[in-house]
$ cat model.cif   # mmCIF, C-alpha atoms
data_target
loop_
_atom_site.label_atom_id
_atom_site.label_comp_id
_atom_site.auth_asym_id
_atom_site.auth_seq_id
_atom_site.Cartn_x
_atom_site.Cartn_y
_atom_site.Cartn_z
CA TRP G 192 -96.08 -191.50 -5.48
CA ALA G 193 -97.33 -188.65 -3.31
CA ARG G 194 -100.84 -189.01 -4.75
CA VAL G 195 -100.94 -192.73 -3.98
CA ARG G 196 -99.48 -192.15 -0.52
CA ASP G 197 -102.11 -189.51 0.27
CA ALA G 198 -105.02 -191.38 -1.33
CA LYS G 199 -107.55 -192.95 1.03
CA SER G 200 -108.74 -196.53 0.78
CA ALA G 201 -111.78 -197.77 2.69
CA ASP G 202 -109.92 -200.88 3.90
CA GLY G 203 -106.44 -199.36 3.83
CA VAL G 204 -105.30 -201.57 0.94
CA LYS G 205 -102.93 -200.13 -1.69
CA TYR G 206 -100.97 -201.82 -4.46
CA VAL G 207 -97.61 -201.50 -6.21
CA ILE G 208 -97.37 -202.88 -9.76
CA ALA G 209 -94.22 -203.33 -11.83
CA ASN G 210 -95.09 -203.01 -15.52
CA GLY G 211 -93.04 -205.63 -17.38
CA ASP G 212 -95.36 -205.87 -20.38
CA GLU G 213 -92.70 -204.98 -22.93
CA GLY G 214 -94.37 -205.34 -26.31
CA ASP G 215 -92.45 -203.17 -28.77
CA PRO G 216 -90.61 -205.21 -31.45
CA GLY G 217 -86.87 -205.12 -30.87
CA ALA G 218 -87.22 -203.85 -27.29
CA PHE G 219 -85.81 -206.03 -24.53
CA MET G 220 -84.63 -203.59 -21.86
CA ASP G 221 -87.09 -204.74 -19.20
CA ARG G 222 -86.45 -208.38 -20.08
CA MET G 223 -82.73 -207.94 -19.42
CA LEU G 224 -83.36 -206.26 -16.07
CA MET G 225 -85.81 -208.91 -14.89
CA GLU G 226 -83.53 -211.75 -15.97
CA SER G 227 -80.26 -210.23 -14.72
CA PHE G 228 -81.25 -208.13 -11.71
CA PRO G 229 -84.39 -209.66 -10.15
CA PHE G 230 -83.33 -208.75 -6.60
CA ARG G 231 -82.82 -205.12 -7.58
CA LEU G 232 -86.33 -204.94 -9.03
CA ILE G 233 -87.90 -206.47 -5.95
CA GLU G 234 -85.87 -204.16 -3.70
CA GLY G 235 -87.19 -201.22 -5.70
CA MET G 236 -90.75 -202.45 -5.17
CA LEU G 237 -90.12 -202.78 -1.43
CA ILE G 238 -88.87 -199.19 -1.33
CA ALA G 239 -91.91 -197.98 -3.27
CA ALA G 240 -94.31 -199.97 -1.10
CA HIS G 241 -92.80 -198.53 2.07
CA ALA G 242 -93.06 -195.00 0.68
CA ILE G 243 -96.74 -195.19 -0.25
CA GLY G 244 -97.96 -197.53 2.48
CA ALA G 245 -98.70 -200.61 0.38
CA ALA G 246 -98.52 -204.23 1.54
CA ASP G 247 -99.30 -205.97 -1.76
CA GLY G 248 -97.62 -205.94 -5.14
CA TYR G 249 -97.66 -207.52 -8.59
CA ILE G 250 -95.02 -207.93 -11.27
CA TYR G 251 -96.81 -208.03 -14.62
CA VAL G 252 -94.61 -210.00 -17.03
CA ARG G 253 -95.23 -211.07 -20.61
CA ALA G 254 -95.67 -214.84 -20.83
CA GLU G 255 -93.14 -214.77 -23.70
CA TYR G 256 -90.46 -214.08 -21.07
CA PRO G 257 -90.26 -217.50 -19.33
CA ARG G 258 -86.67 -216.98 -18.16
CA ALA G 259 -87.59 -213.65 -16.56
CA VAL G 260 -90.50 -215.34 -14.78
CA SER G 261 -88.32 -218.19 -13.49
CA ARG G 262 -85.55 -215.83 -12.30
CA LEU G 263 -88.06 -213.65 -10.49
CA ARG G 264 -89.69 -216.65 -8.82
CA GLU G 265 -86.28 -217.90 -7.67
CA ALA G 266 -85.44 -214.49 -6.21
CA MET G 267 -88.83 -214.28 -4.48
CA ALA G 268 -88.30 -217.72 -2.93
CA VAL G 269 -84.94 -216.63 -1.52
CA LEU G 270 -86.40 -213.42 -0.08
CA LYS G 271 -89.36 -215.27 1.44
CA SER G 272 -86.99 -217.71 3.15
CA ARG G 273 -85.16 -214.75 4.69
CA GLY G 274 -88.30 -212.95 5.82
CA TRP G 275 -88.20 -210.05 3.34
CA LEU G 276 -91.36 -211.11 1.49
CA GLY G 277 -94.65 -212.65 2.55
CA LYS G 278 -95.25 -210.86 5.84
CA ASP G 279 -95.11 -207.06 5.59
CA PHE G 280 -95.15 -207.14 1.79
CA ARG G 281 -96.80 -209.81 -0.35
CA LEU G 282 -95.65 -210.07 -3.98
CA GLU G 283 -97.10 -212.05 -6.89
CA ILE G 284 -96.16 -212.52 -10.54
CA PHE G 285 -98.91 -212.13 -13.12
CA GLU G 286 -98.14 -213.53 -16.58
CA GLY G 287 -99.80 -211.55 -19.36
CA ALA G 288 -101.13 -213.23 -22.48
CA GLY G 289 -99.16 -211.03 -24.88
CA ALA G 290 -101.67 -208.30 -25.73
CA PHE G 291 -99.74 -205.19 -26.78
CA VAL G 292 -102.38 -202.88 -25.29
CA CYS G 293 -101.72 -204.23 -21.79
CA GLY G 294 -98.62 -202.09 -21.65
CA GLU G 295 -101.05 -199.23 -20.95
CA GLU G 296 -101.48 -199.01 -17.19
CA THR G 297 -105.26 -199.23 -16.95
CA ALA G 298 -105.48 -202.07 -19.51
CA LEU G 299 -102.86 -203.87 -17.42
CA ILE G 300 -105.05 -203.43 -14.34
CA GLU G 301 -108.04 -204.83 -16.20
CA SER G 302 -105.94 -207.86 -17.19
CA ILE G 303 -104.88 -208.58 -13.59
CA GLU G 304 -108.54 -208.37 -12.55
CA GLY G 305 -109.31 -211.14 -15.05
CA LYS G 306 -110.99 -208.90 -17.60
CA ARG G 307 -110.21 -208.14 -21.21
CA GLY G 308 -107.25 -205.77 -21.45
CA ILE G 309 -108.96 -202.55 -22.53
CA PRO G 310 -107.84 -199.12 -21.29
CA ARG G 311 -110.17 -197.39 -18.83
CA LEU G 312 -111.42 -193.86 -19.15
CA LYS G 313 -109.45 -191.44 -16.96
CA PRO G 314 -110.06 -189.89 -14.49
CA PRO G 315 -110.13 -191.57 -12.05
CA TYR G 316 -106.44 -192.34 -12.31
CA PRO G 317 -104.88 -195.50 -10.84
CA ALA G 318 -103.32 -193.39 -8.07
CA GLU G 319 -106.86 -192.82 -6.78
CA SER G 320 -108.79 -195.87 -8.00
CA GLY G 321 -106.70 -198.59 -9.60
CA LEU G 322 -106.53 -202.33 -9.00
CA TRP G 323 -109.89 -203.45 -7.57
CA GLY G 324 -110.73 -199.82 -6.88
CA ARG G 325 -107.77 -199.25 -4.54
CA PRO G 326 -105.00 -196.63 -4.87
CA THR G 327 -102.35 -198.17 -7.11
CA LEU G 328 -98.80 -197.21 -8.04
CA ILE G 329 -97.66 -198.47 -11.45
CA ASN G 330 -94.07 -197.98 -12.53
CA ASN G 331 -91.92 -199.35 -15.31
CA ILE G 332 -89.34 -202.06 -14.54
CA GLU G 333 -86.49 -199.67 -15.31
CA THR G 334 -87.82 -197.02 -12.93
CA LEU G 335 -88.09 -199.45 -10.02
CA THR G 336 -84.65 -200.97 -10.59
CA MET G 337 -83.14 -197.46 -10.40
CA LEU G 338 -84.38 -196.95 -6.83
CA PRO G 339 -81.83 -199.07 -4.93
CA TRP G 340 -78.94 -197.27 -6.68
CA ILE G 341 -80.43 -193.85 -5.87
CA MET G 342 -81.00 -194.84 -2.24
CA ARG G 343 -77.41 -196.05 -1.87
CA HIS G 344 -75.64 -193.23 -3.72
CA GLY G 345 -78.03 -190.34 -3.11
CA ALA G 346 -80.25 -188.18 -5.28
CA ALA G 347 -77.43 -185.74 -5.99
CA ALA G 348 -75.30 -188.45 -7.60
CA PHE G 349 -78.19 -189.47 -9.86
CA SER G 350 -79.06 -185.87 -10.72
CA ALA G 351 -75.44 -185.18 -11.67
CA MET G 352 -76.04 -187.34 -14.75
CA GLY G 353 -78.29 -186.26 -17.59
CA THR G 354 -79.82 -182.83 -18.16
CA ALA G 355 -81.67 -180.31 -16.02
CA LYS G 356 -85.11 -181.63 -17.03
CA SER G 357 -84.21 -185.28 -17.77
CA LYS G 358 -81.89 -186.61 -15.10
CA GLY G 359 -80.02 -189.89 -14.84
CA THR G 360 -79.43 -192.56 -17.44
CA LYS G 361 -81.60 -194.45 -19.92
CA VAL G 362 -81.36 -197.95 -21.34
CA PHE G 363 -81.90 -198.21 -25.10
CA ALA G 364 -82.20 -201.22 -27.40
CA LEU G 365 -80.35 -200.70 -30.66
CA ALA G 366 -81.92 -202.71 -33.46
CA GLY G 367 -82.27 -202.55 -37.23
CA LYS G 368 -79.72 -201.53 -39.83
CA ILE G 369 -76.83 -200.65 -37.57
CA GLN G 370 -73.38 -202.21 -37.11
CA ARG G 371 -73.66 -203.08 -33.42
CA THR G 372 -77.06 -204.02 -32.04
CA GLY G 373 -77.87 -204.66 -28.41
CA LEU G 374 -78.54 -202.81 -25.17
CA ILE G 375 -76.83 -199.62 -24.08
CA GLU G 376 -77.16 -197.46 -20.97
CA VAL G 377 -76.30 -193.82 -21.56
CA PRO G 378 -76.83 -190.50 -19.73
CA MET G 379 -79.83 -188.48 -20.82
CA GLY G 380 -78.76 -185.63 -23.08
CA ILE G 381 -76.57 -187.73 -25.34
CA THR G 382 -77.21 -187.07 -29.04
CA ILE G 383 -78.75 -189.46 -31.52
CA ARG G 384 -75.59 -189.22 -33.63
CA GLU G 385 -73.43 -190.36 -30.71
CA ILE G 386 -75.71 -193.33 -30.13
CA VAL G 387 -75.91 -194.38 -33.77
CA GLU G 388 -72.39 -193.63 -35.02
CA GLU G 389 -70.11 -193.92 -31.98
CA ILE G 390 -71.85 -196.60 -29.92
CA GLY G 391 -73.72 -198.42 -32.67
CA GLY G 392 -70.92 -198.21 -35.23
CA GLY G 393 -73.04 -196.42 -37.82
CA VAL G 394 -75.10 -197.67 -40.75
CA PRO G 395 -73.56 -200.74 -42.47
CA ASP G 396 -72.42 -201.14 -46.08
CA GLY G 397 -71.45 -197.49 -46.44
CA LYS G 398 -75.06 -196.30 -46.50
CA ARG G 399 -76.17 -193.09 -44.85
CA LEU G 400 -78.45 -192.52 -41.90
CA LYS G 401 -81.90 -191.32 -42.94
CA ALA G 402 -83.95 -191.56 -39.74
CA VAL G 403 -84.19 -193.26 -36.37
CA GLN G 404 -87.42 -194.68 -35.01
CA ILE G 405 -87.80 -194.03 -31.28
CA GLY G 406 -90.40 -195.58 -29.04
CA GLY G 407 -91.38 -198.59 -31.12
CA PRO G 408 -94.39 -198.74 -33.46
CA SER G 409 -96.27 -196.21 -31.34
CA GLY G 410 -93.35 -193.78 -31.44
CA GLY G 411 -92.09 -191.54 -34.21
CA CYS G 412 -89.21 -191.18 -36.64
CA ILE G 413 -86.44 -188.65 -35.97
CA PRO G 414 -84.84 -187.54 -39.27
CA ALA G 415 -81.08 -187.42 -39.72
CA SER G 416 -81.28 -183.62 -39.75
CA LEU G 417 -81.99 -183.81 -36.00
CA ALA G 418 -79.22 -186.32 -35.25
CA ASP G 419 -77.40 -183.80 -33.08
CA THR G 420 -80.49 -183.24 -30.93
CA PRO G 421 -79.95 -184.35 -27.30
CA VAL G 422 -81.99 -187.37 -26.32
CA ASP G 423 -84.18 -185.99 -23.57
CA PHE G 424 -87.86 -185.24 -23.26
CA GLU G 425 -87.56 -181.48 -23.43
CA ALA G 426 -85.35 -181.38 -26.55
CA LEU G 427 -87.29 -184.00 -28.51
CA THR G 428 -90.67 -182.39 -27.86
CA ALA G 429 -89.27 -178.99 -28.85
CA ALA G 430 -87.83 -180.49 -32.04
#
$ encode --input "model.cif" --output "structure tokens"
Amino acid sequence: WARVRDAKSADGVKYVIANGDEGDPGAFMDRMLMESFPFRLIEGMLIAAHAIGAADGYIYVRAEYPRAVSRLREAMAVLKSRGWLGKDFRLEIFEGAGAFVCGEETALIESIEGKRGIPRLKPPYPAESGLWGRPTLINNIETLTMLPWIMRHGAAAFSAMGTAKSKGTKVFALAGKIQRTGLIEVPMGITIREIVEEIGGGVPDGKRLKAVQIGGPSGGCIPASLADTPVDFEALTAA
């Protein structure tokens, strides 16, 4: 955010983009947030835009999420009628064509520009030269929807959850061979065993846990021997 705020644009234009291109099989965290809390997402984008000095924004949504698109459009219409959108901050929805690679930030930018979604070489980074060559802030849907809560309750309240290096909560989609599938929101630092056995009800049919895949097809498998490892960036990279 600081880099985008401090970046210079010849015409003063900067952009905020919400990355809703959720392509991992079995993942529907962003979909739930866009469908259930569209106002919270837009409020988060308004906060981000104010912080970096942007007047234009895009929500990049997979076309396979028609309900999310319709809910967002309804919310935008309400906010425009009340003067929150359209004057100081202009917001558009861009429907992606379903290419998995467009979840990568620079490929997403290429897609919005009407080009084939192929990642760009970095540097320059989007914070310096992003959408149409302007400084661009790209954040995940979950990140932006966290902002209104943090603004209302304070950074200390958010930091009180989680671990020293990975603060706050995280939404996970439980899928596969587990008793209870669905979405959960848990504090960072919780163990894989707690997620699988206590929240998810364990492996069905009396079978044992062998491994958990984290991060979709581009992620990795965490063996059962590390089931008591806290779920945070620092612990998982060390493991």
$ residues_around --input "model.cif" --residues "Gly294 (chain G)" --least-positions-apart "6" --cutoff "9 Å" --atoms "all atoms listed in the file" --output "PDB file with C-alpha atoms, in the frame of the given file"
ATOM      1  CA  ASN G 210     -95.090-203.010 -15.520  1.00  0.00           C
ATOM      2  CA  GLY G 211     -93.040-205.630 -17.380  1.00  0.00           C
ATOM      3  CA  ASP G 212     -95.360-205.870 -20.380  1.00  0.00           C
ATOM      4  CA  GLU G 213     -92.700-204.980 -22.930  1.00  0.00           C
ATOM      5  CA  GLY G 214     -94.370-205.340 -26.310  1.00  0.00           C
TER       6      GLY G 214
END
$ closest_residue --input "model.cif" --among "G:Thr297, G:Thr336, G:Lys358, G:Pro326" --to "Lys313 (chain G)" --atoms "all atoms listed in the file"
G:Thr297
$ atom_distance --input "model.cif" --atom1 "CA of Ile208 (chain G)" --atom2 "CA of Ser350 (chain G)"
25.0 Å
$ atom_distance --input "model.cif" --atom1 "CA of Glu296 (chain G)" --atom2 "CA of Ile375 (chain G)"
25.6 Å
$ resolve_selection --input "model.cif" --expression "the PyMOL selection byres ((chain G and resi 310) around 6)" --output "JSON, numbers by chain"
{"G": [297, 298, 309, 311]}
$ atom_distance --input "model.cif" --atom1 "CA of Glu333 (chain G)" --atom2 "CA of Leu224 (chain G)"
7.3 Å
$ resolve_selection --input "model.cif" --expression "the PyMOL selection byres ((chain G and resi 192) around 7)" --output "ChimeraX atom specification"
/G:193-196,243,328
$ write_last_selection --input "model.cif" --atoms "C-alpha atoms" --output "PDB file, in the coordinates of the input"
ATOM      1  CA  ALA G 193     -97.330-188.650  -3.310  1.00  0.00           C
ATOM      2  CA  ARG G 194    -100.840-189.010  -4.750  1.00  0.00           C
ATOM      3  CA  VAL G 195    -100.940-192.730  -3.980  1.00  0.00           C
ATOM      4  CA  ARG G 196     -99.480-192.150  -0.520  1.00  0.00           C
ATOM      5  CA  ILE G 243     -96.740-195.190  -0.250  1.00  0.00           C
ATOM      6  CA  LEU G 328     -98.800-197.210  -8.040  1.00  0.00           C
TER       7      LEU G 328
END
$ closest_residue --input "model.cif" --among "G:Val377, G:Ile413, G:Ala290, G:Val362" --to "Ala254 (chain G)" --atoms "all atoms listed in the file"
G:Ala290
$ residues_around --input "model.cif" --residues "Leu232 (chain G)" --least-positions-apart "4" --cutoff "7 Å" --atoms "only C-alpha atoms" --output "number ranges by chain"
G: 228, 236, 332, 335-336
$ residues_around --input "model.cif" --residues "region 320-322 of chain G" --least-positions-apart "6" --cutoff "9 Å" --atoms "only C-alpha atoms" --output "list in words"
Ala198, Ser200, Lys205, Tyr206, Thr297, Ile300, Glu301, Ile303, Glu304, Pro314 and Leu328 of chain G
$ residues_around --input "model.cif" --residues "region 279-283 of chain G" --least-positions-apart "3" --cutoff "12 Å" --atoms "all atoms listed in the file" --output "ChimeraX atom specification"
/G:204-209,232-234,236-241,244-252,260,263-264,266-268,270-271,274-276,286,303
$ resolve_selection --input "model.cif" --expression "the PyMOL selection byres ((chain G and resi 416) around 12)" --output "MDAnalysis selection string"
chainID G and resid 382:384 399:403 412:415 417:420 430
$ residues_around --input "model.cif" --residues "Thr360 (chain G)" --least-positions-apart "4" --cutoff "8 Å" --atoms "all atoms listed in the file" --output "list in words"
Met352, Gly353, Glu376, Val377, Pro378 and Met379 of chain G
$ write_last_selection --input "model.cif" --atoms "C-alpha atoms" --output "CSV table (one decimal), in the frame of the given file"
chain,number,residue,atom,x,y,z
G,352,MET,CA,-76.0,-187.3,-14.8
G,353,GLY,CA,-78.3,-186.3,-17.6
G,376,GLU,CA,-77.2,-197.5,-21.0
G,377,VAL,CA,-76.3,-193.8,-21.6
G,378,PRO,CA,-76.8,-190.5,-19.7
G,379,MET,CA,-79.8,-188.5,-20.8
$ closest_residue --input "model.cif" --among "G:Phe285, G:Arg253, G:Leu338, G:Tyr316" --to "Phe230 (chain G)" --atoms "only C-alpha atoms"
G:Leu338
$ closest_residue --input "model.cif" --among "G:Ser261, G:Thr327, G:Ser272, G:Ser357" --to "Asp197 (chain G)" --atoms "only C-alpha atoms"
G:Thr327
$ axis_aligned_box --input "model.cif" --around "region 195-208 of chain G" --padding-each-side "4 Å" --output "JSON"
{"center_x": -104.6, "center_y": -196.2, "center_z": -2.9, "size_x": 22.4, "size_y": 21.4, "size_z": 21.7}
